[in-house]
$ cat structure-v3.csv   # CSV, C-alpha atoms
chain,number,residue,atom,x,y,z
A,406,MET,CA,-25.9,71.2,-17.8
A,407,MET,CA,-24.2,71.6,-14.4
A,408,GLU,CA,-20.9,73.5,-14.7
A,409,GLU,CA,-17.8,71.4,-13.9
A,410,ARG,CA,-16.5,72.1,-10.4
A,411,ARG,CA,-13.3,74.1,-10.6
A,412,THR,CA,-12.0,72.8,-7.3
A,413,ILE,CA,-11.5,69.3,-8.8
A,414,ILE,CA,-9.5,70.7,-11.7
A,415,LEU,CA,-7.4,72.9,-9.4
A,416,GLY,CA,-6.7,69.9,-7.1
A,417,THR,CA,-5.6,67.8,-10.1
A,418,ASN,CA,-3.4,70.5,-11.4
A,419,VAL,CA,-1.8,71.2,-8.1
A,420,PHE,CA,-0.8,67.5,-7.5
A,421,GLU,CA,0.5,67.2,-11.1
A,422,ALA,CA,2.7,70.2,-10.5
A,423,VAL,CA,4.0,68.7,-7.2
A,424,GLN,CA,4.8,65.5,-9.0
A,425,LYS,CA,6.7,67.4,-11.7
A,426,ASP,CA,8.7,69.3,-9.1
A,427,GLY,CA,9.5,66.1,-7.3
A,428,ASP,CA,10.8,64.5,-10.5
A,429,GLU,CA,13.0,67.5,-11.2
A,430,LEU,CA,14.5,67.4,-7.8
A,431,ARG,CA,15.2,63.7,-8.2
A,432,LYS,CA,17.1,64.4,-11.4
A,433,GLU,CA,19.2,67.0,-9.6
A,434,LEU,CA,19.9,64.6,-6.7
A,435,LYS,CA,21.0,61.9,-9.2
A,436,LYS,CA,23.5,64.3,-10.7
A,437,LYS,CA,24.8,65.1,-7.2
A,438,LYS,CA,24.8,61.4,-6.3
A,439,LEU,CA,22.8,62.2,-3.2
A,440,PHE,CA,20.2,59.7,-2.1
A,441,LEU,CA,17.3,61.2,-0.3
A,442,ILE,CA,15.2,58.9,2.0
A,443,ASN,CA,11.8,60.2,3.1
A,444,VAL,CA,10.7,58.4,6.4
A,445,MET,CA,7.0,58.6,7.3
A,446,SER,CA,4.8,57.2,10.0
A,447,GLY,CA,2.1,58.0,12.5
A,448,PRO,CA,3.0,59.5,15.9
A,449,GLY,CA,4.9,57.2,18.2
A,450,ALA,CA,5.8,54.5,15.6
A,451,GLY,CA,9.5,54.9,16.3
A,452,LYS,CA,10.9,57.1,13.4
A,453,THR,CA,13.6,58.8,15.4
A,454,THR,CA,14.8,55.7,17.3
A,455,THR,CA,14.9,53.8,14.0
A,456,LEU,CA,16.9,56.6,12.3
A,457,ILE,CA,19.4,56.6,15.1
A,458,SER,CA,19.8,52.8,14.9
A,459,LEU,CA,20.2,52.8,11.1
A,460,ILE,CA,22.5,55.8,10.9
A,461,GLN,CA,24.9,54.4,13.5
A,462,LYS,CA,25.5,51.5,11.2
A,463,LEU,CA,25.3,53.3,7.8
A,464,LYS,CA,27.7,56.1,8.7
A,465,LYS,CA,30.5,53.6,8.7
A,466,GLU,CA,30.2,53.4,5.0
A,467,PHE,CA,28.4,56.6,3.9
A,468,ARG,CA,28.4,60.4,4.7
A,469,ILE,CA,25.0,61.0,6.1
A,470,GLY,CA,22.8,64.0,7.1
A,471,VAL,CA,19.4,64.3,8.6
A,472,VAL,CA,16.5,66.8,8.1
A,473,GLU,CA,13.9,66.7,10.9
A,474,ALA,CA,10.5,68.2,10.0
A,475,ASP,CA,8.2,69.2,12.8
A,476,ILE,CA,5.5,71.8,13.4
A,477,ASP,CA,7.5,73.5,16.2
A,478,SER,CA,9.9,71.3,18.3
A,479,ASP,CA,13.6,70.7,17.6
A,480,VAL,CA,13.9,67.8,20.1
A,481,ASP,CA,14.3,65.1,17.4
A,482,ALA,CA,17.0,67.0,15.6
A,483,VAL,CA,19.0,67.5,18.7
A,484,LYS,CA,18.6,63.9,19.8
A,485,VAL,CA,19.7,62.5,16.4
A,486,SER,CA,22.7,64.7,16.1
A,487,LYS,CA,23.8,64.0,19.7
A,488,GLU,CA,23.5,60.2,19.4
A,489,THR,CA,24.9,59.7,15.9
A,490,GLY,CA,27.3,62.6,15.4
A,491,VAL,CA,25.9,63.4,11.9
A,492,PRO,CA,24.9,66.9,10.8
A,493,SER,CA,21.2,67.6,11.2
A,494,LEU,CA,18.8,70.4,10.3
A,495,GLN,CA,15.5,71.2,12.0
A,496,VAL,CA,12.7,72.4,9.7
A,497,HIS,CA,9.7,74.0,11.3
A,498,THR,CA,6.5,73.8,9.2
A,499,ASP,CA,4.5,76.0,11.5
A,500,SER,CA,0.9,74.8,11.0
A,501,LEU,CA,1.5,72.6,8.0
A,502,CYS,CA,1.3,68.8,8.5
A,503,TYR,CA,3.7,68.0,5.7
A,504,ILE,CA,7.0,69.0,4.1
A,505,ASP,CA,7.1,69.7,0.3
A,506,VAL,CA,9.7,70.0,-2.4
A,507,ASP,CA,10.3,73.7,-1.8
A,508,MET,CA,11.1,73.0,1.8
A,509,VAL,CA,13.4,70.2,0.9
A,510,ARG,CA,15.2,72.4,-1.6
A,511,GLU,CA,15.9,75.0,1.1
A,512,SER,CA,17.1,72.2,3.4
A,513,LEU,CA,19.5,70.9,0.8
A,514,ALA,CA,21.3,74.2,0.7
A,515,HIS,CA,22.3,73.7,4.3
A,516,PHE,CA,24.2,70.5,3.4
A,517,GLU,CA,25.6,71.8,0.0
A,518,LYS,CA,29.3,71.8,1.0
A,519,MET,CA,29.2,68.6,3.0
A,520,ASP,CA,29.4,66.2,0.0
A,521,LEU,CA,26.9,63.8,1.5
A,522,ASP,CA,26.0,60.4,0.1
A,523,CYS,CA,22.7,60.1,1.8
A,524,LEU,CA,20.2,62.4,3.5
A,525,PHE,CA,17.3,61.2,5.7
A,526,LEU,CA,14.2,63.2,5.9
A,527,GLU,CA,12.1,62.5,9.0
A,528,ASN,CA,8.7,63.6,8.0
A,529,ILE,CA,6.0,64.9,10.3
A,530,GLY,CA,4.2,62.2,12.4
A,531,ASN,CA,1.0,61.9,10.4
A,532,MET,CA,-0.6,59.1,8.4
A,533,VAL,CA,-2.3,61.3,5.8
A,534,CYS,CA,-0.6,64.5,4.8
A,535,PRO,CA,3.0,63.4,4.3
A,536,SER,CA,2.0,60.6,1.8
A,537,THR,CA,0.1,63.1,-0.3
A,538,PHE,CA,3.0,65.5,-1.2
A,539,ASP,CA,6.0,64.4,-3.2
A,540,THR,CA,9.2,65.5,-1.5
A,541,GLY,CA,11.5,64.6,-4.3
A,542,ALA,CA,12.8,61.6,-2.3
A,543,CYS,CA,14.6,58.8,-4.0
A,544,LEU,CA,13.0,56.3,-1.6
A,545,ASN,CA,9.8,56.5,0.4
A,546,VAL,CA,9.8,54.6,3.7
A,547,CYS,CA,6.7,54.0,5.9
A,548,ILE,CA,7.0,52.7,9.5
A,549,LEU,CA,4.2,50.8,11.0
A,550,SER,CA,4.5,49.6,14.6
A,551,LEU,CA,2.8,46.7,16.3
A,552,PRO,CA,1.0,49.0,18.8
A,553,ASP,CA,-0.5,50.9,15.8
A,554,GLY,CA,-2.5,47.8,15.0
A,555,ASP,CA,-2.8,45.7,11.9
A,556,GLU,CA,-5.8,47.8,10.7
A,557,LYS,CA,-3.6,50.8,9.9
A,558,PRO,CA,-2.9,49.9,6.3
A,559,PHE,CA,-6.6,49.5,5.7
A,560,ASN,CA,-7.4,52.8,7.3
A,561,TYR,CA,-4.6,54.8,5.6
A,562,PRO,CA,-3.9,53.0,2.3
A,563,SER,CA,-2.3,55.9,0.5
A,564,MET,CA,0.7,55.9,2.9
A,565,PHE,CA,1.4,52.2,2.1
A,566,GLU,CA,0.5,52.5,-1.5
A,567,GLY,CA,3.2,55.2,-2.1
A,568,SER,CA,6.0,53.7,-0.1
A,569,ASP,CA,8.9,51.6,-1.5
A,570,LEU,CA,9.9,50.2,1.8
A,571,ILE,CA,7.5,49.4,4.7
A,572,LEU,CA,9.1,48.7,8.1
A,573,ILE,CA,7.1,46.9,10.8
A,574,ASN,CA,8.6,48.1,14.1
A,575,LYS,CA,8.4,46.9,17.7
A,576,ILE,CA,8.2,43.2,16.9
A,577,ASP,CA,9.6,42.6,20.4
A,578,ALA,CA,6.2,43.6,21.7
A,579,LEU,CA,4.3,40.9,19.8
A,580,ASN,CA,3.2,39.1,23.1
A,581,PHE,CA,1.5,42.3,24.2
A,582,PHE,CA,0.0,43.5,20.9
A,583,PRO,CA,-1.5,40.8,18.7
A,584,PHE,CA,-0.7,41.5,15.1
A,585,ASP,CA,-1.6,39.6,12.0
A,586,PHE,CA,1.5,39.9,9.8
A,587,GLY,CA,0.0,37.7,7.1
A,588,LYS,CA,-3.1,39.9,6.7
A,589,VAL,CA,-1.1,43.1,6.6
A,590,GLU,CA,1.4,41.8,4.1
A,591,LYS,CA,-1.4,40.5,1.9
A,592,PHE,CA,-3.2,43.8,1.8
A,593,ILE,CA,-0.1,45.9,1.3
A,594,HIS,CA,1.0,43.7,-1.7
A,595,GLU,CA,-2.5,44.0,-3.2
A,596,ILE,CA,-2.3,47.8,-3.4
A,597,ASN,CA,1.5,47.9,-3.8
A,598,PRO,CA,3.0,44.8,-5.3
A,599,HIS,CA,6.5,46.1,-5.4
A,600,ALA,CA,6.8,47.2,-1.8
A,601,THR,CA,9.5,45.6,0.4
A,602,ILE,CA,8.3,44.7,3.9
A,603,LEU,CA,10.7,44.2,6.7
A,604,PRO,CA,9.9,43.5,10.4
A,605,TYR,CA,12.3,44.7,13.0
A,606,SER,CA,12.8,46.1,16.5
A,607,ALA,CA,14.6,49.4,16.8
A,608,LYS,CA,14.8,48.8,20.5
A,609,THR,CA,16.6,45.4,20.5
A,610,GLY,CA,18.2,45.6,17.0
A,611,GLN,CA,16.5,42.5,15.7
A,612,GLY,CA,16.1,42.8,11.9
A,613,VAL,CA,17.9,46.1,11.7
A,614,GLY,CA,20.8,44.5,9.8
A,615,GLU,CA,18.5,43.5,6.9
A,616,ILE,CA,17.3,47.1,6.7
A,617,VAL,CA,20.8,48.4,6.6
A,618,ASP,CA,21.8,46.0,3.9
A,619,TYR,CA,18.7,47.0,1.8
A,620,LEU,CA,19.5,50.7,2.2
A,621,SER,CA,23.2,50.2,1.5
A,622,LEU,CA,22.4,48.6,-1.9
A,623,LYS,CA,20.0,51.4,-2.8
A,624,ILE,CA,22.5,54.1,-2.0
A,625,GLN,CA,25.3,52.4,-3.9
A,626,ASP,CA,23.0,51.9,-7.0
A,627,TRP,CA,22.0,55.6,-6.9
A,628,ARG,CA,25.6,56.7,-6.8
A,629,LYS,CA,26.7,54.7,-9.8
$ encode --input "structure-v3.csv" --output "structure tokens"
Amino acid sequence: MMEERRTIILGTNVFEAVQKDGDELRKELKKKKLFLINVMSGPGAGKTTTLISLIQKLKKEFRIGVVEADIDSDVDAVKVSKETGVPSLQVHTDSLCYIDVDMVRESLAHFEKMDLDCLFLENIGNMVCPSTFDTGACLNVCILSLPDGDEKPFNYPSMFEGSDLILINKIDALNFFPFDFGKVEKFIHEINPHATILPYSAKTGQGVGEIVDYLSLKIQDWRK
């Protein structure tokens, strides 16, 4: 009889441990009434522009902070802080293509005395790694842009399967990038029936109000 491969067992144990750590962090965040939002996407989908647009509206009601995860650069952290005025922290992951629970815990210490209501985590621009590791977030958000193409959910299903809110950005470019909304929504709801899908344009502001309303309710419910 062929011996069972230990790599499979190890992989399962590792991800179970990550999930457990994520659940523990969520319990801690609930006690602190701090709502952590993990924002994921591929490169160029518009994460930073979207965050700026959302924060400018949400900061009128909530105390907000931002964690920017990147392999090396701090450009996004500087841009978000400058344009929104909210505190930000840059996390360099070196060669890692994701941020994990331990990194998030270290980041939270930076905001400990700020008594925040909501903390945005802008994850690394990658359609695979970030969706694999539980960050302890209260809400997972995936951004898909029209230029990405309507095949992305089929090519990277784990990103969409594990997201609570799926945002379809750059709808102002529909005339230049044909996109089958019906096909995308049908597939996403087949693998993730509970996902909320909202189209918008971070550039023009179209649809941003609906996203703000959605997030406001989530933050308020978490803080009860």
$ residues_around --input "structure-v3.csv" --residues "A:Leu551" --least-positions-apart "3" --cutoff "8 Å" --atoms "only C-alpha atoms" --output "short mmCIF file (atom, residue, chain, number, x, y, z; two decimals) with C-alpha atoms, in the coordinates of the input"
data_model
loop_
_atom_site.label_atom_id
_atom_site.label_comp_id
_atom_site.auth_asym_id
_atom_site.auth_seq_id
_atom_site.Cartn_x
_atom_site.Cartn_y
_atom_site.Cartn_z
CA GLY A 554 -2.50 47.80 15.00
CA ASP A 555 -2.80 45.70 11.90
CA ILE A 573 7.10 46.90 10.80
CA ASN A 574 8.60 48.10 14.10
CA LYS A 575 8.40 46.90 17.70
CA ILE A 576 8.20 43.20 16.90
CA ALA A 578 6.20 43.60 21.70
CA LEU A 579 4.30 40.90 19.80
CA PHE A 582 0.00 43.50 20.90
CA PRO A 583 -1.50 40.80 18.70
CA PHE A 584 -0.70 41.50 15.10
#
$ atom_distance --input "structure-v3.csv" --atom1 "atom CA of A:Ala514" --atom2 "atom CA of A:Arg431"
15.1 Å
$ residues_around --input "structure-v3.csv" --residues "A:Asp569" --least-positions-apart "3" --cutoff "8 Å" --atoms "all atoms listed in the file" --output "list of chain:residue names"
A:Leu544, A:Asn545, A:Val546, A:His599, A:Ala600, A:Thr601
$ atom_distance --input "structure-v3.csv" --atom1 "atom CA of A:Ser458" --atom2 "atom CA of A:Tyr605"
11.2 Å
$ atom_distance --input "structure-v3.csv" --atom1 "atom CA of A:Ile593" --atom2 "atom CA of A:Glu473"
26.8 Å
$ residues_around --input "structure-v3.csv" --residues "A:Leu526" --least-positions-apart "2" --cutoff "7 Å" --atoms "all atoms listed in the file" --output "mmCIF file with C-alpha atoms, keeping the file's coordinate frame"
data_model
loop_
_atom_site.group_PDB
_atom_site.id
_atom_site.type_symbol
_atom_site.label_atom_id
_atom_site.label_comp_id
_atom_site.auth_asym_id
_atom_site.auth_seq_id
_atom_site.Cartn_x
_atom_site.Cartn_y
_atom_site.Cartn_z
ATOM 1 C CA ILE A 442 15.200 58.900 2.000
ATOM 2 C CA ASN A 443 11.800 60.200 3.100
ATOM 3 C CA VAL A 444 10.700 58.400 6.400
ATOM 4 C CA VAL A 471 19.400 64.300 8.600
ATOM 5 C CA VAL A 472 16.500 66.800 8.100
ATOM 6 C CA GLU A 473 13.900 66.700 10.900
ATOM 7 C CA LEU A 524 20.200 62.400 3.500
ATOM 8 C CA ASN A 528 8.700 63.600 8.000
#
$ closest_residue --input "structure-v3.csv" --among "A:Phe440, A:Ser606, A:Gly614, A:Leu570" --to "A:Phe467" --atoms "only C-alpha atoms"
A:Phe440
$ closest_atom_pairs --input "structure-v3.csv" --of "stretch 505-553 of chain A" --to "stretch 560-564 of chain A" --cutoff "8 Å" --atoms "all atoms listed in the file" --output "JSON lines"
{"residue": "A:Met532", "atom": "CA", "partner": "A:Met564", "partner_atom": "CA", "distance": 6.5}
{"residue": "A:Val533", "atom": "CA", "partner": "A:Met564", "partner_atom": "CA", "distance": 6.8}
{"residue": "A:Pro535", "atom": "CA", "partner": "A:Met564", "partner_atom": "CA", "distance": 8.0}
{"residue": "A:Ser536", "atom": "CA", "partner": "A:Met564", "partner_atom": "CA", "distance": 5.0}
{"residue": "A:Thr537", "atom": "CA", "partner": "A:Ser563", "partner_atom": "CA", "distance": 7.6}
{"residue": "A:Cys547", "atom": "CA", "partner": "A:Met564", "partner_atom": "CA", "distance": 7.0}
$ residues_around --input "structure-v3.csv" --residues "stretch 480-495 of chain A" --least-positions-apart "2" --cutoff "9 Å" --atoms "all atoms listed in the file" --output "PyMOL selection string"
chain A and resi 453-454+456-458+460-461+464+468-475+478+497+512+515-516
$ closest_residue --input "structure-v3.csv" --among "A:Lys557, A:Asp577, A:Thr540, A:Asp499" --to "A:Glu511" --atoms "all atoms listed in the file"
A:Thr540
$ closest_residue --input "structure-v3.csv" --among "A:Gly530, A:Gly541, A:Gly612, A:Gly449" --to "A:Gln424" --atoms "all atoms listed in the file"
A:Gly541
$ closest_residue --input "structure-v3.csv" --among "A:Phe538, A:Ala450, A:Ile571, A:Lys425" --to "A:Cys502" --atoms "all atoms listed in the file"
A:Phe538
$ closest_residue --input "structure-v3.csv" --among "A:Ser446, A:Ser500, A:Gln625, A:Gln611" --to "A:Asp553" --atoms "only C-alpha atoms"
A:Ser446
$ residues_around --input "structure-v3.csv" --residues "A:Ile616" --least-positions-apart "2" --cutoff "10 Å" --atoms "all atoms listed in the file" --output "PDB file with C-alpha atoms, keeping the file's coordinate frame"
ATOM      1  CA  LEU A 459      20.200  52.800  11.100  1.00  0.00           C
ATOM      2  CA  LEU A 570       9.900  50.200   1.800  1.00  0.00           C
ATOM      3  CA  LEU A 572       9.100  48.700   8.100  1.00  0.00           C
ATOM      4  CA  ILE A 602       8.300  44.700   3.900  1.00  0.00           C
ATOM      5  CA  LEU A 603      10.700  44.200   6.700  1.00  0.00           C
ATOM      6  CA  PRO A 604       9.900  43.500  10.400  1.00  0.00           C
ATOM      7  CA  TYR A 605      12.300  44.700  13.000  1.00  0.00           C
ATOM      8  CA  GLY A 612      16.100  42.800  11.900  1.00  0.00           C
ATOM      9  CA  VAL A 613      17.900  46.100  11.700  1.00  0.00           C
ATOM     10  CA  GLY A 614      20.800  44.500   9.800  1.00  0.00           C
ATOM     11  CA  ASP A 618      21.800  46.000   3.900  1.00  0.00           C
ATOM     12  CA  TYR A 619      18.700  47.000   1.800  1.00  0.00           C
ATOM     13  CA  LEU A 620      19.500  50.700   2.200  1.00  0.00           C
ATOM     14  CA  SER A 621      23.200  50.200   1.500  1.00  0.00           C
TER      15      SER A 621
END
$ closest_residue --input "structure-v3.csv" --among "A:Asp539, A:Asp522, A:Gly447, A:Gly587" --to "A:Lys465" --atoms "all atoms listed in the file"
A:Asp522
